>>> print(open('coords-v6.cif').read())   # mmCIF, C-alpha atoms
data_structure
#
loop_
_atom_site.label_atom_id
_atom_site.label_comp_id
_atom_site.auth_asym_id
_atom_site.auth_seq_id
_atom_site.Cartn_x
_atom_site.Cartn_y
_atom_site.Cartn_z
CA MET A 7 -58.99 -345.33 -107.26
CA SER A 8 -55.55 -344.91 -108.71
CA ALA A 9 -55.12 -345.75 -112.36
CA GLU A 10 -51.77 -347.42 -111.72
CA ALA A 11 -52.36 -351.11 -112.20
CA ASN A 12 -49.28 -352.15 -110.26
CA ALA A 13 -49.97 -349.92 -107.27
CA LYS A 14 -49.65 -351.48 -103.84
CA SER A 15 -52.76 -351.54 -101.72
CA MET A 16 -53.82 -351.36 -98.09
CA SER A 17 -57.06 -352.01 -96.25
CA ILE A 18 -57.96 -350.90 -92.74
CA ILE A 19 -60.84 -352.08 -90.60
CA VAL A 20 -61.80 -349.12 -88.42
CA THR A 21 -63.56 -350.24 -85.23
CA LYS A 22 -63.08 -347.41 -82.75
CA GLY A 23 -64.66 -343.98 -82.65
CA THR A 24 -62.97 -342.05 -79.87
CA LEU A 25 -60.88 -338.98 -80.68
CA ASP A 26 -57.58 -340.71 -79.91
CA TRP A 27 -58.36 -343.93 -81.80
CA ALA A 28 -59.64 -342.02 -84.83
CA TYR A 29 -56.09 -340.88 -85.61
CA PRO A 30 -54.20 -344.08 -86.54
CA PRO A 31 -56.54 -345.18 -89.35
CA PHE A 32 -56.87 -341.72 -90.92
CA ILE A 33 -53.15 -340.94 -90.62
CA LEU A 34 -52.18 -344.24 -92.22
CA ALA A 35 -54.85 -344.03 -94.91
CA THR A 36 -53.95 -340.50 -96.02
CA THR A 37 -50.21 -341.18 -95.91
CA ALA A 38 -50.49 -344.44 -97.83
CA ALA A 39 -52.66 -342.73 -100.45
CA ALA A 40 -50.05 -339.96 -100.71
CA MET A 41 -47.42 -342.64 -101.28
CA GLY A 42 -49.38 -344.09 -104.19
CA LEU A 43 -51.19 -346.96 -102.50
CA GLU A 44 -54.81 -347.81 -103.16
CA VAL A 45 -56.49 -347.57 -99.77
CA THR A 46 -59.78 -348.97 -98.52
CA MET A 47 -61.24 -348.21 -95.10
CA PHE A 48 -64.03 -350.39 -93.71
CA PHE A 49 -65.90 -348.63 -90.88
CA THR A 50 -67.67 -350.93 -88.46
CA PHE A 51 -69.12 -350.74 -84.96
CA TYR A 52 -67.85 -347.65 -83.11
CA GLY A 53 -65.65 -346.75 -86.05
CA LEU A 54 -68.76 -345.95 -88.06
CA THR A 55 -69.31 -342.81 -86.01
CA LEU A 56 -66.26 -341.34 -87.81
CA LEU A 57 -68.34 -341.07 -90.98
CA LYS A 58 -70.98 -338.81 -89.42
CA LYS A 59 -71.34 -335.36 -90.94
CA ASP A 60 -70.97 -333.75 -87.53
CA LEU A 61 -68.12 -335.20 -85.54
CA ASN A 62 -68.16 -334.70 -81.81
CA LEU A 63 -65.37 -337.05 -80.83
CA LYS A 64 -64.34 -337.55 -77.23
CA ILE A 65 -61.73 -339.44 -75.29
CA SER A 66 -62.06 -341.24 -72.01
CA THR A 67 -59.32 -341.80 -69.48
CA LEU A 68 -61.39 -344.62 -68.01
CA GLY A 69 -59.70 -347.99 -68.38
CA ASN A 70 -56.71 -346.31 -69.98
CA PRO A 71 -54.00 -346.16 -67.31
CA ALA A 72 -51.27 -345.56 -69.90
CA MET A 73 -52.80 -342.25 -70.90
CA GLU A 74 -50.68 -339.39 -69.64
CA MET A 75 -51.32 -335.76 -70.45
CA PRO A 76 -48.45 -333.30 -70.33
CA MET A 77 -49.22 -330.67 -67.73
CA MET A 78 -47.00 -327.94 -66.28
CA GLY A 79 -43.85 -329.77 -67.28
CA MET A 80 -45.07 -333.06 -65.83
CA HIS A 81 -47.40 -335.84 -66.91
CA MET A 82 -50.77 -336.48 -65.38
CA ALA A 83 -52.55 -339.83 -65.36
CA LEU A 84 -55.92 -340.39 -63.75
CA PRO A 85 -56.95 -343.33 -61.56
CA ASN A 86 -60.14 -345.03 -62.78
CA ILE A 87 -62.12 -343.86 -59.78
CA VAL A 88 -61.45 -340.25 -60.77
CA SER A 89 -62.04 -340.95 -64.48
CA ALA A 90 -65.52 -342.18 -63.63
CA LEU A 91 -66.55 -338.81 -62.15
CA PRO A 92 -68.95 -336.70 -64.22
CA GLY A 93 -67.18 -334.10 -66.30
CA VAL A 94 -63.77 -335.76 -66.32
CA ASP A 95 -64.11 -337.10 -69.87
CA GLY A 96 -65.14 -333.65 -71.06
CA LEU A 97 -62.14 -332.13 -69.32
CA ALA A 98 -59.75 -334.69 -70.78
CA THR A 99 -61.26 -334.20 -74.25
CA GLY A 100 -60.79 -330.44 -73.98
CA MET A 101 -57.17 -330.89 -72.93
CA MET A 102 -56.54 -333.27 -75.83
CA LYS A 103 -58.11 -330.87 -78.36
CA ASN A 104 -55.93 -328.04 -77.05
CA LEU A 105 -52.82 -330.19 -77.37
CA ILE A 106 -53.76 -331.19 -80.91
CA LYS A 107 -54.02 -327.55 -81.92
CA LYS A 108 -50.89 -326.49 -80.08
CA LYS A 109 -48.73 -329.24 -81.57
CA GLY A 110 -49.81 -328.71 -85.18
CA VAL A 111 -51.60 -332.06 -85.38
CA ALA A 112 -54.33 -332.24 -88.02
CA SER A 113 -57.95 -332.47 -86.94
CA ILE A 114 -59.87 -335.64 -87.77
CA GLU A 115 -62.17 -333.61 -90.03
CA GLU A 116 -59.13 -332.35 -91.93
CA LEU A 117 -57.63 -335.84 -92.32
CA ARG A 118 -60.99 -337.26 -93.39
CA ASP A 119 -61.36 -334.57 -96.06
CA MET A 120 -57.84 -335.30 -97.29
CA ALA A 121 -58.60 -339.03 -97.41
CA LEU A 122 -61.70 -338.39 -99.54
CA GLU A 123 -59.77 -336.02 -101.76
CA ALA A 124 -57.10 -338.71 -102.25
CA ASP A 125 -59.76 -341.18 -103.41
CA VAL A 126 -59.53 -343.41 -100.36
CA ASN A 127 -62.29 -345.99 -100.79
CA MET A 128 -64.57 -345.92 -97.74
CA ILE A 129 -67.10 -348.61 -96.90
CA ALA A 130 -69.68 -348.18 -94.14
CA CYS A 131 -70.80 -351.40 -92.49
CA GLN A 132 -74.47 -352.05 -93.30
CA MET A 133 -75.02 -354.21 -90.23
CA THR A 134 -73.72 -351.50 -87.89
CA MET A 135 -75.94 -348.93 -89.65
CA ASP A 136 -78.93 -351.15 -88.84
CA LEU A 137 -77.75 -352.05 -85.34
CA PHE A 138 -77.19 -348.48 -84.15
CA GLU A 139 -79.94 -347.02 -86.33
CA TYR A 140 -77.69 -344.67 -88.28
CA LYS A 141 -79.27 -342.93 -91.26
CA ARG A 142 -77.45 -342.53 -94.55
CA GLU A 143 -78.29 -338.83 -94.53
CA ASP A 144 -76.42 -338.35 -91.24
CA MET A 145 -73.24 -339.62 -92.87
CA ILE A 146 -70.87 -337.81 -95.22
CA GLU A 147 -71.09 -338.23 -98.98
CA GLY A 148 -68.59 -340.62 -100.48
CA PRO A 149 -68.56 -343.90 -98.57
CA SER A 150 -70.37 -346.86 -100.09
CA ILE A 151 -72.33 -349.24 -97.90
CA GLY A 152 -71.35 -352.89 -97.69
CA GLY A 153 -70.76 -355.86 -95.47
CA ALA A 154 -68.03 -358.29 -94.47
CA ALA A 155 -67.80 -359.79 -97.94
CA SER A 156 -66.99 -356.37 -99.40
CA TRP A 157 -64.00 -356.09 -97.10
CA VAL A 158 -62.87 -359.70 -97.64
CA GLU A 159 -62.83 -359.17 -101.39
CA VAL A 160 -60.63 -356.09 -101.00
CA ALA A 161 -58.46 -357.76 -98.36
CA THR A 162 -57.63 -360.77 -100.52
CA LYS A 163 -56.09 -358.41 -103.06
CA SER A 164 -54.39 -356.04 -100.61
CA ASP A 165 -50.71 -356.02 -99.73
CA ILE A 166 -51.42 -354.71 -96.24
CA ASN A 167 -54.49 -355.40 -94.09
CA LEU A 168 -54.88 -353.68 -90.74
CA TYR A 169 -57.43 -353.94 -87.97
CA ILE A 170 -57.59 -350.86 -85.74
CA MET B 22 -33.64 -322.32 -106.52
CA ALA B 23 -36.61 -324.70 -106.37
CA ASP B 24 -39.62 -324.21 -108.64
CA GLN B 25 -41.85 -324.06 -105.60
CA VAL B 26 -41.39 -323.64 -101.85
CA LEU B 27 -43.71 -325.26 -99.31
CA ASP B 28 -43.77 -324.13 -95.69
CA THR B 29 -44.90 -326.85 -93.28
CA LYS B 30 -43.25 -325.36 -90.21
CA GLY B 31 -45.24 -326.08 -87.04
CA LEU B 32 -47.16 -328.94 -88.64
CA ASN B 33 -46.96 -332.47 -87.32
CA CYS B 34 -47.07 -335.91 -88.93
CA PRO B 35 -48.52 -336.67 -91.47
CA LEU B 36 -49.29 -333.11 -92.67
CA PRO B 37 -45.85 -332.26 -94.14
CA ILE B 38 -46.01 -335.41 -96.31
CA LEU B 39 -49.64 -334.86 -97.33
CA LYS B 40 -49.03 -331.23 -98.25
CA ALA B 41 -45.83 -332.14 -100.12
CA LYS B 42 -47.69 -334.77 -102.12
CA LYS B 43 -50.35 -332.20 -103.08
CA ALA B 44 -47.69 -329.69 -104.13
CA LEU B 45 -45.77 -332.30 -106.15
CA LYS B 46 -48.93 -333.19 -108.06
CA GLU B 47 -49.15 -329.59 -109.26
CA LEU B 48 -45.55 -329.62 -110.49
CA PRO B 49 -44.58 -330.82 -113.96
CA THR B 50 -42.26 -333.83 -114.19
CA GLY B 51 -38.72 -332.64 -113.49
CA GLY B 52 -39.98 -329.75 -111.36
CA THR B 53 -38.46 -329.23 -107.91
CA LEU B 54 -40.13 -328.62 -104.57
CA GLU B 55 -38.41 -327.21 -101.51
CA ILE B 56 -40.07 -328.08 -98.21
CA HIS B 57 -39.47 -326.39 -94.88
CA ALA B 58 -40.44 -328.37 -91.78
CA THR B 59 -39.92 -328.39 -88.03
CA ASP B 60 -41.12 -331.95 -87.44
CA PRO B 61 -38.00 -334.04 -86.64
CA GLY B 62 -39.82 -337.15 -87.86
CA SER B 63 -40.04 -335.64 -91.33
CA VAL B 64 -36.36 -336.45 -92.02
CA LYS B 65 -36.94 -340.19 -92.07
CA ASP B 66 -40.43 -339.79 -93.53
CA PHE B 67 -39.38 -337.84 -96.61
CA GLU B 68 -36.70 -340.45 -97.29
CA ALA B 69 -39.33 -343.21 -97.08
CA PHE B 70 -41.82 -341.18 -99.11
CA CYS B 71 -39.33 -340.65 -101.93
CA ARG B 72 -38.13 -344.28 -101.93
CA THR B 73 -41.72 -345.52 -102.17
CA THR B 74 -43.05 -343.00 -104.71
CA GLY B 75 -39.93 -342.84 -106.87
CA ASN B 76 -39.55 -339.08 -106.52
CA GLU B 77 -35.97 -337.96 -106.04
CA LEU B 78 -34.83 -336.57 -102.69
CA MET B 79 -32.06 -334.29 -103.94
CA GLU B 80 -31.26 -332.68 -100.62
CA SER B 81 -32.06 -333.05 -96.93
CA LYS B 82 -30.43 -330.57 -94.58
CA MET B 83 -30.90 -328.35 -91.55
CA ASP B 84 -31.04 -324.59 -91.72
CA GLY B 85 -30.96 -323.36 -88.15
CA SER B 86 -33.88 -325.12 -86.52
CA THR B 87 -35.66 -325.83 -89.82
CA TYR B 88 -35.41 -329.01 -91.85
CA VAL B 89 -35.11 -328.33 -95.56
CA PHE B 90 -35.86 -330.93 -98.21
CA LEU B 91 -35.49 -330.64 -101.97
CA ILE B 92 -37.56 -333.09 -103.98
CA LYS B 93 -37.58 -333.52 -107.74
CA HIS B 94 -40.90 -334.62 -109.18
CA THR B 95 -39.89 -337.65 -111.20
CA ASN B 96 -42.99 -339.77 -110.76
#
>>> encode(input="coords-v6.cif", output="structure tokens")
Amino acid sequence: MSAEANAKSMSIIVTKGTLDWAYPPFILATTAAAMGLEVTMFFTFYGLTLLKKDLNLKISTLGNPAMEMPMMGMHMALPNIVSALPGVDGLATGMMKNLIKKKGVASIEELRDMALEADVNMIACQMTMDLFEYKREDMIEGPSIGGAASWVEVATKSDINLYI
Amino acid sequence: MADQVLDTKGLNCPLPILKAKKALKELPTGGTLEIHATDPGSVKDFEAFCRTTGNELMESKMDGSTYVFLIKHTN
């Protein structure tokens, strides 16, 4: 944590673990830390998967009609009935990963490393660990394990609280 | 001439800010950092970054298709 006593602070509840939804919390956490804020991330439910040592994040176009991928100068969106076909999620994930590389967007692994390096305080939800049978040794070093009260304590003292 | 030059060309948000922050940390107080970027969003972001952190944005300009920022490490 930052030594500055008057530093502003931000907390983020991270609830989603798909490749696209992994970006907002890590981008905001790393940027806020770079701007001198004390940042806490609370990983719960599907967000907890973002703390695994080996990330294999995917996206799904299913139930996401606003998702358009740039393709040959146009944009492509998929109807749900096509999204449900086997292999489509894998295809969409591959396209997204290519775009990320091409456009100079950081990988989630890279942002997560930068967050740890910047002393972002990470809390893994104990209940979710139990529920989904995650083992501590499958997760990265760094995060502590806690419950709702741990977040509430941080949140009462934070200037910004986000739920993503 | 800046004390250090940081090339973030081709990188997208928030990498130019994160890399600039790292570079500033290495600089002594009063040291200057020149950042090259191609991300159009970085213009507004470096202004916000400097206002919030207290570092001084001495210059923000375009050189061809590159955005150039000069930041003095004051905090």
>>> closest_residue(input="coords-v6.cif", among="A:Ala154, A:Met47, A:Ala121, A:Ala40", to="chain B", atoms="only C-alpha atoms")
A:Ala40
>>> closest_atom_pairs(input="coords-v6.cif", of="chain A", to="chain B", cutoff="10 Å", atoms="all atoms listed in the file", output="Markdown table")
| residue | atom | partner | partner_atom | distance |
| --- | --- | --- | --- | --- |
| A:Phe32 | CA | B:Pro35 | CA | 9.8 |
| A:Ile33 | CA | B:Pro35 | CA | 6.4 |
| A:Leu34 | CA | B:Pro35 | CA | 8.4 |
| A:Thr36 | CA | B:Leu39 | CA | 7.2 |
| A:Thr37 | CA | B:Leu39 | CA | 6.5 |
| A:Ala38 | CA | B:Phe70 | CA | 9.4 |
| A:Ala39 | CA | B:Leu39 | CA | 9.0 |
| A:Ala40 | CA | B:Lys42 | CA | 5.9 |
| A:Met41 | CA | B:Thr74 | CA | 5.6 |
| A:Gly42 | CA | B:Thr74 | CA | 6.4 |
| A:Leu43 | CA | B:Thr74 | CA | 9.3 |
| A:Ile106 | CA | B:Asn33 | CA | 9.4 |
| A:Lys107 | CA | B:Leu32 | CA | 9.7 |
| A:Lys108 | CA | B:Gly31 | CA | 9.0 |
| A:Lys109 | CA | B:Asn33 | CA | 6.8 |
| A:Gly110 | CA | B:Leu32 | CA | 4.4 |
| A:Val111 | CA | B:Asn33 | CA | 5.0 |
| A:Ala112 | CA | B:Leu36 | CA | 6.9 |
| A:Glu116 | CA | B:Leu36 | CA | 9.9 |
| A:Leu117 | CA | B:Leu36 | CA | 8.8 |
| A:Met120 | CA | B:Leu39 | CA | 8.2 |
| A:Ala121 | CA | B:Leu39 | CA | 9.9 |
| A:Ala124 | CA | B:Lys43 | CA | 9.4 |
>>> write_last_selection(input="coords-v6.cif", atoms="C-alpha atoms", output="PDB file, in the coordinates of the input")
ATOM      1  CA  PHE A  32     -56.870-341.720 -90.920  1.00  0.00           C
ATOM      2  CA  ILE A  33     -53.150-340.940 -90.620  1.00  0.00           C
ATOM      3  CA  LEU A  34     -52.180-344.240 -92.220  1.00  0.00           C
ATOM      4  CA  THR A  36     -53.950-340.500 -96.020  1.00  0.00           C
ATOM      5  CA  THR A  37     -50.210-341.180 -95.910  1.00  0.00           C
ATOM      6  CA  ALA A  38     -50.490-344.440 -97.830  1.00  0.00           C
ATOM      7  CA  ALA A  39     -52.660-342.730-100.450  1.00  0.00           C
ATOM      8  CA  ALA A  40     -50.050-339.960-100.710  1.00  0.00           C
ATOM      9  CA  MET A  41     -47.420-342.640-101.280  1.00  0.00           C
ATOM     10  CA  GLY A  42     -49.380-344.090-104.190  1.00  0.00           C
ATOM     11  CA  LEU A  43     -51.190-346.960-102.500  1.00  0.00           C
ATOM     12  CA  ILE A 106     -53.760-331.190 -80.910  1.00  0.00           C
ATOM     13  CA  LYS A 107     -54.020-327.550 -81.920  1.00  0.00           C
ATOM     14  CA  LYS A 108     -50.890-326.490 -80.080  1.00  0.00           C
ATOM     15  CA  LYS A 109     -48.730-329.240 -81.570  1.00  0.00           C
ATOM     16  CA  GLY A 110     -49.810-328.710 -85.180  1.00  0.00           C
ATOM     17  CA  VAL A 111     -51.600-332.060 -85.380  1.00  0.00           C
ATOM     18  CA  ALA A 112     -54.330-332.240 -88.020  1.00  0.00           C
ATOM     19  CA  GLU A 116     -59.130-332.350 -91.930  1.00  0.00           C
ATOM     20  CA  LEU A 117     -57.630-335.840 -92.320  1.00  0.00           C
ATOM     21  CA  MET A 120     -57.840-335.300 -97.290  1.00  0.00           C
ATOM     22  CA  ALA A 121     -58.600-339.030 -97.410  1.00  0.00           C
ATOM     23  CA  ALA A 124     -57.100-338.710-102.250  1.00  0.00           C
TER      24      ALA A 124
END
>>> residues_around(input="coords-v6.cif", residues="Glu115 (chain A)", least_positions_apart="5", cutoff="12 Å", atoms="all atoms listed in the file", output="list in words")
Leu25, Ala28, Tyr29, Phe32, Ile33, Leu56, Leu57, Lys58, Lys59, Asp60, Leu61, Asn62, Leu63, Met120, Ala121, Leu122 and Ile146 of chain A
>>> residues_around(input="coords-v6.cif", residues="region 92-95 of chain B", least_positions_apart="2", cutoff="12 Å", atoms="all atoms listed in the file", output="count of residues only")
39
>>> atom_distance(input="coords-v6.cif", atom1="CA of Asp28 (chain B)", atom2="CA of Ala35 (chain A)")
22.8 Å
>>> atom_distance(input="coords-v6.cif", atom1="CA of Ser17 (chain A)", atom2="CA of Asn127 (chain A)")
9.2 Å
>>> closest_residue(input="coords-v6.cif", among="A:Val94, A:Val158, A:Leu54, A:Met101", to="Pro76 (chain A)", atoms="only C-alpha atoms")
A:Met101
>>> atom_distance(input="coords-v6.cif", atom1="CA of Thr99 (chain A)", atom2="CA of Lys64 (chain A)")
5.4 Å
>>> resolve_selection(input="coords-v6.cif", expression="the PyMOL selection byres ((chain A and resi 23) around 7)", output="list in words")
Thr21, Lys22, Thr24, Leu25, Trp27, Ala28, Tyr52, Gly53, Thr55 and Leu56 of chain A
>>> axis_aligned_box(input="coords-v6.cif", around="region 76-91 of chain B", padding_each_side="8 Å", output="lines of an AutoDock Vina configuration file")
center_x = -35.0
center_y = -331.2
center_z = -96.5
size_x = 25.1
size_y = 31.7
size_z = 36.0
>>> resolve_selection(input="coords-v6.cif", expression="the PyMOL selection byres ((chain A and resi 98) around 12)", output="PyMOL selection string")
chain A and resi 25-26+63-68+73-77+82-84+88-97+99-105
>>> closest_residue(input="coords-v6.cif", among="A:Glu147, A:Thr134, A:Val126, A:Tyr140", to="Thr50 (chain A)", atoms="only C-alpha atoms")
A:Thr134
>>> residues_around(input="coords-v6.cif", residues="Ser164 (chain A)", least_positions_apart="4", cutoff="9 Å", atoms="only C-alpha atoms", output="VMD selection string")
chain A and resid 14 to 17 44 to 45 160
>>> write_last_selection(input="coords-v6.cif", atoms="C-alpha atoms", output="mmCIF file, in the frame of the given file")
data_model
loop_
_atom_site.group_PDB
_atom_site.id
_atom_site.type_symbol
_atom_site.label_atom_id
_atom_site.label_comp_id
_atom_site.auth_asym_id
_atom_site.auth_seq_id
_atom_site.Cartn_x
_atom_site.Cartn_y
_atom_site.Cartn_z
ATOM 1 C CA LYS A 14 -49.650 -351.480 -103.840
ATOM 2 C CA SER A 15 -52.760 -351.540 -101.720
ATOM 3 C CA MET A 16 -53.820 -351.360 -98.090
ATOM 4 C CA SER A 17 -57.060 -352.010 -96.250
ATOM 5 C CA GLU A 44 -54.810 -347.810 -103.160
ATOM 6 C CA VAL A 45 -56.490 -347.570 -99.770
ATOM 7 C CA VAL A 160 -60.630 -356.090 -101.000
#
>>> decode(input="coords-v6.cif", residues="region 17-28 of chain A", atoms="N, CA and C atoms", output="CSV table (one decimal), in the first residue's frame")
chain,number,residue,atom,x,y,z
A,17,SER,N,-12.0,1.0,-4.7
A,17,SER,CA,-12.2,-0.4,-4.6
A,17,SER,C,-13.0,-0.9,-5.8
A,18,ILE,N,-12.7,-2.1,-6.2
A,18,ILE,CA,-13.5,-2.7,-7.4
A,18,ILE,C,-13.9,-4.1,-7.0
A,19,ILE,N,-15.2,-4.4,-7.1
A,19,ILE,CA,-15.6,-5.8,-7.0
A,19,ILE,C,-15.6,-6.4,-8.4
A,20,VAL,N,-14.8,-7.4,-8.6
A,20,VAL,CA,-14.6,-8.0,-9.9
A,20,VAL,C,-15.5,-9.3,-10.0
A,21,THR,N,-16.5,-9.3,-10.8
A,21,THR,CA,-17.4,-10.5,-10.8
A,21,THR,C,-17.4,-11.3,-12.1
A,22,LYS,N,-16.7,-10.8,-13.1
A,22,LYS,CA,-16.8,-11.5,-14.4
A,22,LYS,C,-15.4,-12.0,-14.9
A,23,GLY,N,-15.4,-13.1,-15.5
A,23,GLY,CA,-14.1,-13.7,-15.9
A,23,GLY,C,-13.9,-14.0,-17.3
A,24,THR,N,-14.7,-13.3,-18.2
A,24,THR,CA,-14.4,-13.5,-19.6
A,24,THR,C,-13.3,-12.5,-20.1
A,25,LEU,N,-12.7,-12.8,-21.2
A,25,LEU,CA,-11.6,-12.0,-21.7
A,25,LEU,C,-12.0,-10.5,-21.8
A,26,ASP,N,-13.2,-10.3,-22.4
A,26,ASP,CA,-13.6,-8.9,-22.5
A,26,ASP,C,-13.8,-8.2,-21.2
A,27,TRP,N,-14.5,-8.9,-20.3
A,27,TRP,CA,-14.9,-8.2,-19.0
A,27,TRP,C,-13.7,-8.2,-18.0
A,28,ALA,N,-12.6,-8.9,-18.4
A,28,ALA,CA,-11.4,-8.8,-17.5
A,28,ALA,C,-10.7,-7.5,-17.6
